[in-house]
Structure formats: structure tokens, C-alpha cells
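Peer 1: Below: one structure in C-alpha cells.
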Amino acid sequence: SQNFLKQLTESVRYYAWLNPMPDDSWQYTTAGEIARLVPMFEMSRQGLNAAINTLRGRYVYWEYPYQWML
């Protein structure tokens with residue numbers, strides 16, 4: 001929920017969301033809505049590396065990374 005995300009951003013500096021579903025299935029789902037608000041990555045080697053880099057404070061492009069988010 002938005003309340004949880006607000007509390008999370010007030011409590012921690014870096015956070016990432018790993019989604020077990022492939023990113024191409026997020027469109028028109030709550031995952032797609034959440035992906036607009038927080039750094040969300042699919043559960044893959046590339047997604048896990050991006051999430052780790054995000055948690056380390058390294059820049060990872062995630063804002064509207066998918067065409068369907070525009």
C-alpha cells in the first residue's frame with residue numbers, strides 16, 4: 001500500500017523490490033503500479049544484480065524502464 005511505501009521511504013535510504021514474475025507481465029497489475037513508485041526488478045540474475053546495486057546506493061535506471069509505463 002502507499003502508506004507502507006511512505007513509511008519505508010522514511011525509514012530506510014535505499015530499497016528495492018524483487019518481483020518473481022517476469023517484468024513483461026506487470027502491465028495492468030498492481031505490480032505495474034508499484035513499479036512506478038519504487039525500484040522494482042524481476043527475479044533474474046540481471047534483476048538481482050540491479051537490486052543489489054540499488055541497495056548499495058549505486059545508480060540503477062528504473063524510472064519508467066518499460067515502454068508500457070510511459
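Every chain in the C-alpha cells has a letter given in the order shown (A, B, ...), and although residue numbers restart at 1 in each chain, ligands are simply numbered from 1 in the order shown.
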With a distance cut-off of 6 Å and only C-alpha atoms, select the neighbouring residues of range 10-20 of chain A, excluding the residue or stretch itself and same-chain residues fewer than 5 positions from it, and output the selection as number ranges by chain.
Peer 2: A: 39-43, 51, 55
Peer 1: Among chain A, which ones does DSSP assign to alpha helix (DSSP H) (computed from the backbone)? Answer as number ranges by chain.
Peer 2: A: 2-11, 30-35, 45-55
Peer 1: Near Ala50 in chain A, within 9 Å and counting only C-alpha atoms, which residues show up once chain neighbours fewer than 3 positions away are dropped, as a compact mmCIF listing (two decimals) with C-alpha atoms, in the first residue's frame?
Peer 2:
# COMPACT_ATOMS: atom_id res chain seq x y z
CA ALA A 16 14.43 -2.42 -3.95
CA PHE A 41 13.23 -5.69 -10.62
CA ARG A 45 20.35 -12.64 -12.49
CA GLN A 46 20.21 -9.19 -14.08
CA GLY A 47 17.34 -8.07 -11.83
CA ASN A 53 23.38 -2.15 -6.81
CA THR A 54 20.33 -0.13 -5.78
CA LEU A 55 20.71 -1.23 -2.15
CA ARG A 58 24.61 2.84 -6.92
CA VAL A 60 20.33 1.99 -11.48
CA TYR A 61 17.88 3.38 -14.02
Peer 1: Suppose you want the space between CA of Trp26 in chain A and CA of Val38 in chain A; what is it in Å?
Peer 2: 13.6 Å
Peer 1: Suppose you want the space between CA of Phe4 in chain A and CA of Arg36 in chain A; what is it in Å?
Peer 2: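 Between CA of Phe4 in chain A and CA of Arg36 in chain A the gap works out to 15.0 Å.
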Peer 1: From the options A:Tyr59, A:Thr30, A:Leu37, A:Asp24, which residue's atoms come nearest to Lys6 in chain A, counting only C-alpha atoms?
Peer 2: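 Using only C-alpha atoms, Lys6 in chain A sits closest to A:Leu37.
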Peer 1: Taking only chain A into account, list the residues labelled strand (DSSP E) by DSSP (computed from the backbone), as a list in words.
Peer 2: Trp17, Leu18, Asn19, Met40, Phe41 and Glu42 of chain A
